[in-house]
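Trainee: Below is the structure I would like to discuss, written out as structure tokens.
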Protein chains: 2
Amino acid sequence: MLKISKKADYALMALQHIAAVQFGDVTPGRVVNTKEIAEEYNIPLELLAKVLQTLAKHALIESHNGPKGGYALARRAHQITIAQILECIEGPLGITDCSHEKDGEFCMQRENCHIRTPLLKVQDSIAQLLNNMTLQDMMGGTPLITIQSPTAQGVER
Amino acid sequence: MLKISKKADYALMALQHIAAVQFGDVTPGRVVNTKEIAEEYNIPLELLAKVLQTLAKHALIESHNGPKGGYALARRAHQITIAQILECIEGPLGITDCSHEKDGEFCMQRENCHIRTPLLKVQDSIAQLLNNMTLQDMMGGTPLITIQSPTAQGVER
DNA sequence: TTGATCGGAGATCATTATAGTCTCCGACTG
DNA sequence: CAGTCGGAGACTATAATGATCTCCGATCAA
């Protein structure tokens, strides 16, 4: 339960990868193309492409067309929150259907619903959690050692 | 995103209702049947029945067969956590597919995945949140005044 | 003791969300 | 100006969810 989608998962992996390349020691500043990420993490290429396009549309990353093109972070890793990433892909956080009811919209239970308020508090807590965690905080894990590079050894996988 | 299912929603409403009746001032100790809850909150009767059966199977509520039968809380409201309720209906909490991978199971991304650890931390935080909140904490809202009673006025709705 | 009222359980169906695919287009660089 | 990249739309398949239907057994009260 409370699962995030594969697409959101892919977005997190991709951003982590882009950040690792961009601010890493091997090829700092290099843009990363879709194919590289897809192969590195076994993500369906065209699905990942969609995800990255969405992230670009929301200005989390910048796209560069043409040969040697790809993506780069639009901001630094500590300025991109997990909440922002997830909301790009899955829309606004809402643990219930009624979380974002507009005026005049009411779920069938609204009339006598006594759990809406406490559930919104739960939602706020989760939102706070995700807003306080940034891409930077996800960079601590196993270092990215096998960055794809034509001249480096061990390229094939 | 991170939405809980309608069934889980219904479970929360039902348990809140049962608790309100059982420990309320009007008819303390009375068991509550499925139909009463379904009508009060406009929940499809048979779907709610499934939900309550599941809750009973997990020993959150006790069932009483026959006429004047229904459900009662198996424990007191402060001993039932939101996490327990949600897990009854939706299974164990897991924000990613790999959250509960058994030995030998690996998602396609696992090999190079750098986001698993931080995501598990997020998951733990959410779990902690839901484990520290009980049914009792959901009882503060608008008081339940229109308890269905054959002899009371204003029964029809 | 018998019938109406309750929960228990299984199969089934409809709808929606998700995951993944295919195709064509336009931009850029060398 | 050709090959490599992202942009965008339609499209399909599959799984999850929400909801319904049917039959059964337990219980209690008339």
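Residues in the structure tokens are numbered from 1 in each chain, the chains being A, B, ... in the order shown, and ligands are numbered from 1 in the order shown.
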Might you pull out every residue within 10 Å of Ala11 (chain B), with only C-alpha atoms (C1' of nucleotides) counted and same-chain residues fewer than 6 positions away left off, and present them as a VMD selection string?
Mentor: chain B and resid 5 17 48 50 to 52 54 to 55 85 to 86 88 to 89
Trainee: Give me, as a list in words, all polymer residues having an atom no more than 9 Å from DG20 (chain C), counting only C-alpha atoms (C1' of nucleotides) and skipping those fewer than 5 positions away in the same chain.
Mentor: Pro44, Glu46 and Leu47 of chain A; DT12 and DA13 of chain D
Trainee: What separation in Å, quoted to one decimal, exists between CA of Glu87 (chain A) and CA of Met108 (chain A)?
Mentor: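 CA of Met108 (chain A) lies at a distance of 26.3 Å from CA of Glu87 (chain A).
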Trainee: Find the residues around Val31 (chain B) up to 9 Å (only C-alpha atoms (C1' of nucleotides) counted), leave out those fewer than 3 positions away in its own chain, and share them as a VMD selection string.
Mentor: chain B and resid 18 21 to 22 28 63 to 64 68 to 73
Trainee: Output as JSON lines one row per residue of chain B within 6 Å of chain C: the closest atom pair and its distance in Å to one decimal place, counting only C-alpha atoms (C1' of nucleotides), sorted by chain and residue number ascending.
Mentor:
{"residue": "B:Asn65", "atom": "CA", "partner": "C:DC6", "partner_atom": "C1'", "distance": 5.4}
{"residue": "B:Gly66", "atom": "CA", "partner": "C:DC6", "partner_atom": "C1'", "distance": 4.2}
{"residue": "B:Pro67", "atom": "CA", "partner": "C:DT5", "partner_atom": "C1'", "distance": 4.4}
{"residue": "B:Gly69", "atom": "CA", "partner": "C:DC6", "partner_atom": "C1'", "distance": 5.6}
Trainee: If we count only C-alpha atoms (C1' of nucleotides), which residues of chain D reach to within 12 Å of chain A? Please list them as a PyMOL selection string.
Mentor: chain D and resi 2-9+16
Trainee: Go ahead and save the residues from that selection, with C-alpha atoms (C1' of nucleotides), as a PDB file, in the first residue's frame.
Mentor:
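Resulting contents of again34.pdb:
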ATOM      1  C1'  DA D   2      23.054  13.053 -42.312  1.00  0.00           C
ATOM      2  C1'  DG D   3      22.884  10.944 -37.992  1.00  0.00           C
ATOM      3  C1'  DT D   4      21.742  11.666 -33.252  1.00  0.00           C
ATOM      4  C1'  DC D   5      19.286  13.437 -30.027  1.00  0.00           C
ATOM      5  C1'  DG D   6      14.692  15.046 -27.533  1.00  0.00           C
ATOM      6  C1'  DG D   7       9.256  16.121 -28.172  1.00  0.00           C
ATOM      7  C1'  DA D   8       4.838  14.468 -28.635  1.00  0.00           C
ATOM      8  C1'  DG D   9       0.845  11.828 -29.718  1.00  0.00           C
ATOM      9  C1'  DA D  16      -5.421  -3.340  -9.604  1.00  0.00           C
TER      10       DA D  16
END
Trainee: Only residues of chain B matter here; which ones have an atom within 8 Å of chain A, counting only C-alpha atoms? Give them as a PyMOL selection string.
Mentor: chain B and resi 1-6+9+12-13+16+40-43+86-87+90-97+108-115+117-118+122+126+129-130+137-139+141-142
Trainee: Keeping only N, CA and C atoms, take the residues you just selected and write them out as a compact mmCIF listing (two decimals), in the first residue's frame.
Mentor:
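out04.txt was written with the following content:
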# COMPACT_ATOMS: atom_id res chain seq x y z
N MET B 1 -1.02 10.87 -5.75
CA MET B 1 -0.03 9.82 -5.47
C MET B 1 -0.06 9.37 -4.01
N LEU B 2 0.50 8.24 -3.75
CA LEU B 2 0.51 7.66 -2.41
C LEU B 2 -0.89 7.52 -1.84
N LYS B 3 -1.84 7.22 -2.72
CA LYS B 3 -3.23 7.16 -2.29
C LYS B 3 -3.54 5.83 -1.59
N ILE B 4 -4.40 5.91 -0.59
CA ILE B 4 -4.90 4.69 0.01
C ILE B 4 -6.19 4.32 -0.71
N SER B 5 -6.52 3.04 -0.72
CA SER B 5 -7.66 2.57 -1.51
C SER B 5 -8.99 2.94 -0.85
N LYS B 6 -10.04 2.88 -1.66
CA LYS B 6 -11.38 3.13 -1.16
C LYS B 6 -11.72 2.14 -0.04
N ASP B 9 -10.27 3.22 3.05
CA ASP B 9 -11.07 4.38 3.46
C ASP B 9 -12.33 3.91 4.19
N LEU B 12 -11.67 2.56 7.65
CA LEU B 12 -11.46 3.61 8.65
C LEU B 12 -12.78 4.21 9.10
N MET B 13 -13.66 4.48 8.13
CA MET B 13 -14.97 5.05 8.46
C MET B 13 -15.75 4.10 9.34
N GLN B 16 -14.31 3.83 12.85
CA GLN B 16 -14.61 5.06 13.59
C GLN B 16 -16.06 5.04 14.06
N GLU B 40 -25.26 4.98 6.47
CA GLU B 40 -24.79 6.22 7.08
C GLU B 40 -23.78 6.94 6.20
N TYR B 41 -22.93 6.17 5.53
CA TYR B 41 -21.83 6.78 4.79
C TYR B 41 -21.92 6.57 3.28
N ASN B 42 -23.05 6.06 2.80
CA ASN B 42 -23.22 5.82 1.36
C ASN B 42 -22.14 4.91 0.79
N ILE B 43 -21.86 3.84 1.50
CA ILE B 43 -20.89 2.86 1.02
C ILE B 43 -21.65 1.67 0.46
N LEU B 86 -4.85 -0.27 7.95
CA LEU B 86 -4.49 -0.20 6.53
C LEU B 86 -3.86 -1.51 6.06
N GLU B 87 -3.04 -2.09 6.91
CA GLU B 87 -2.37 -3.33 6.49
C GLU B 87 -3.33 -4.50 6.37
N GLU B 90 -4.88 -3.55 2.77
CA GLU B 90 -4.02 -3.36 1.61
C GLU B 90 -2.72 -4.15 1.66
N GLY B 91 -2.53 -4.91 2.71
CA GLY B 91 -1.26 -5.61 2.84
C GLY B 91 -0.18 -4.71 3.39
N PRO B 92 1.00 -5.27 3.60
CA PRO B 92 2.09 -4.53 4.24
C PRO B 92 2.47 -3.26 3.50
N LEU B 93 2.84 -2.28 4.25
CA LEU B 93 3.27 -1.00 3.68
C LEU B 93 4.51 -1.19 2.82
N GLY B 94 4.50 -0.63 1.63
CA GLY B 94 5.66 -0.72 0.76
C GLY B 94 5.58 0.32 -0.33
N ILE B 95 6.44 1.32 -0.26
CA ILE B 95 6.32 2.40 -1.24
C ILE B 95 6.96 2.03 -2.58
N THR B 96 7.76 0.98 -2.59
CA THR B 96 8.30 0.49 -3.87
C THR B 96 8.03 -1.00 -4.00
N ASP B 97 8.17 -1.50 -5.22
CA ASP B 97 7.95 -2.92 -5.45
C ASP B 97 8.98 -3.76 -4.72
N MET B 108 14.42 -5.56 -11.75
CA MET B 108 15.35 -5.38 -12.87
C MET B 108 16.37 -4.29 -12.60
N GLN B 109 16.03 -3.40 -11.69
CA GLN B 109 16.93 -2.26 -11.46
C GLN B 109 17.90 -2.50 -10.30
N ARG B 110 17.62 -3.54 -9.54
CA ARG B 110 18.32 -3.76 -8.29
C ARG B 110 19.85 -3.71 -8.41
N GLU B 111 20.31 -4.23 -9.51
CA GLU B 111 21.75 -4.36 -9.70
C GLU B 111 22.52 -3.06 -9.46
N ASN B 112 21.98 -1.99 -10.02
CA ASN B 112 22.70 -0.72 -9.91
C ASN B 112 21.91 0.32 -9.12
N CYS B 113 20.87 -0.13 -8.44
CA CYS B 113 19.94 0.82 -7.83
C CYS B 113 20.57 1.54 -6.65
N HIS B 114 20.53 2.86 -6.70
CA HIS B 114 21.10 3.65 -5.61
C HIS B 114 20.04 4.32 -4.76
N ILE B 115 18.80 4.10 -5.09
CA ILE B 115 17.75 4.83 -4.37
C ILE B 115 17.00 3.96 -3.39
N THR B 117 17.94 2.32 -0.62
CA THR B 117 18.17 2.61 0.79
C THR B 117 17.47 3.89 1.25
N PRO B 118 17.67 5.00 0.56
CA PRO B 118 16.96 6.21 1.00
C PRO B 118 15.45 6.06 0.96
N VAL B 122 12.44 6.56 3.91
CA VAL B 122 11.17 7.29 3.78
C VAL B 122 10.03 6.38 4.24
N ILE B 126 7.18 6.83 7.30
CA ILE B 126 5.74 6.77 7.12
C ILE B 126 5.15 5.68 8.02
N LEU B 129 4.90 6.86 11.49
CA LEU B 129 3.77 7.79 11.59
C LEU B 129 2.46 7.04 11.78
N LEU B 130 2.25 6.04 10.95
CA LEU B 130 0.98 5.32 10.98
C LEU B 130 0.87 4.39 12.18
N ASP B 137 -7.23 8.43 18.06
CA ASP B 137 -6.85 9.76 17.58
C ASP B 137 -7.76 10.25 16.47
N MET B 138 -8.54 9.35 15.89
CA MET B 138 -9.45 9.76 14.82
C MET B 138 -10.84 10.06 15.37
N MET B 139 -11.00 9.98 16.65
CA MET B 139 -12.34 10.11 17.24
C MET B 139 -12.69 11.54 17.61
N GLY B 141 -13.20 14.22 15.80
CA GLY B 141 -13.94 15.03 14.82
C GLY B 141 -15.39 15.30 15.19
N THR B 142 -16.13 15.72 14.19
CA THR B 142 -17.54 16.02 14.38
C THR B 142 -18.23 14.85 15.08
Trainee: Using DSSP assignments from the backbone, pull out every residue in region 2-149 of chain A that falls under alpha helix (DSSP H) and give it to me as number ranges by chain.
Mentor: A: 6-22, 34-41, 45-57, 82-90, 116-131
Trainee: With C-alpha atoms retained, write the just-selected residues as a CSV table (one decimal), in the first residue's frame.
Mentor:
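After the write, out.csv holds the following:
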chain,number,residue,atom,x,y,z
A,6,LYS,CA,7.3,2.7,-11.5
A,7,LYS,CA,7.5,5.9,-13.4
A,8,ALA,CA,8.2,7.9,-10.3
A,9,ASP,CA,10.8,5.3,-9.3
A,10,TYR,CA,12.5,5.7,-12.7
A,11,ALA,CA,12.5,9.5,-12.3
A,12,LEU,CA,14.3,9.2,-9.0
A,13,MET,CA,16.9,6.8,-10.4
A,14,ALA,CA,17.4,9.0,-13.4
A,15,LEU,CA,17.8,12.2,-11.4
A,16,GLN,CA,20.2,10.5,-9.0
A,17,HIS,CA,22.2,9.3,-12.0
A,18,ILE,CA,22.3,12.7,-13.7
A,19,ALA,CA,23.4,14.3,-10.4
A,20,ALA,CA,26.1,11.7,-9.9
A,21,VAL,CA,27.5,12.3,-13.3
A,22,GLN,CA,27.2,16.0,-13.4
A,34,THR,CA,18.2,8.7,-22.1
A,35,LYS,CA,19.8,5.6,-23.5
A,36,GLU,CA,22.6,5.7,-21.0
A,37,ILE,CA,20.3,5.7,-18.1
A,38,ALA,CA,17.9,3.1,-19.6
A,39,GLU,CA,20.8,0.7,-20.1
A,40,GLU,CA,22.4,1.3,-16.7
A,41,TYR,CA,19.2,0.6,-14.8
A,45,LEU,CA,14.0,3.3,-23.1
A,46,GLU,CA,10.8,4.8,-24.4
A,47,LEU,CA,9.1,4.9,-21.0
A,48,LEU,CA,12.1,6.6,-19.4
A,49,ALA,CA,12.0,9.1,-22.3
A,50,LYS,CA,8.5,10.0,-21.3
A,51,VAL,CA,9.5,10.4,-17.7
A,52,LEU,CA,12.5,12.6,-18.5
A,53,GLN,CA,10.4,14.7,-20.9
A,54,THR,CA,7.9,15.3,-18.0
A,55,LEU,CA,10.7,16.3,-15.7
A,56,ALA,CA,12.0,18.7,-18.3
A,57,LYS,CA,8.6,20.2,-18.8
A,82,ILE,CA,11.6,14.4,-3.4
A,83,ALA,CA,8.2,15.9,-3.2
A,84,GLN,CA,8.8,17.9,-6.3
A,85,ILE,CA,10.0,14.9,-8.2
A,86,LEU,CA,7.1,12.7,-7.3
A,87,GLU,CA,4.6,15.5,-7.9
A,88,CYS,CA,6.0,16.0,-11.4
A,89,ILE,CA,5.2,12.4,-12.3
A,90,GLU,CA,2.2,11.5,-10.2
A,116,ARG,CA,-11.3,13.5,6.6
A,117,THR,CA,-9.6,15.8,9.0
A,118,PRO,CA,-7.4,13.3,10.7
A,119,LEU,CA,-6.4,11.8,7.3
A,120,LEU,CA,-5.4,15.3,6.1
A,121,LYS,CA,-3.1,15.6,9.0
A,122,VAL,CA,-1.5,12.3,8.1
A,123,GLN,CA,-1.1,13.6,4.6
A,124,ASP,CA,0.5,16.8,5.8
A,125,SER,CA,3.0,14.8,7.8
A,126,ILE,CA,4.0,12.8,4.7
A,127,ALA,CA,4.1,15.9,2.6
A,128,GLN,CA,6.4,17.5,5.1
A,129,LEU,CA,8.6,14.5,5.1
A,130,LEU,CA,9.0,14.5,1.3
A,131,ASN,CA,9.5,18.3,1.2
Trainee: Could you check how far CA of Ala74 (chain B) sits from CA of Ile61 (chain B), in Å to one decimal?
Mentor: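 One can read the CA of Ala74 (chain B) to CA of Ile61 (chain B) distance as 4.4 Å.
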Trainee: Expressed in Å to a single decimal, how great is the separation between CA of Phe23 (chain A) and CA of Ile80 (chain A)?
Mentor: 14.4 Å
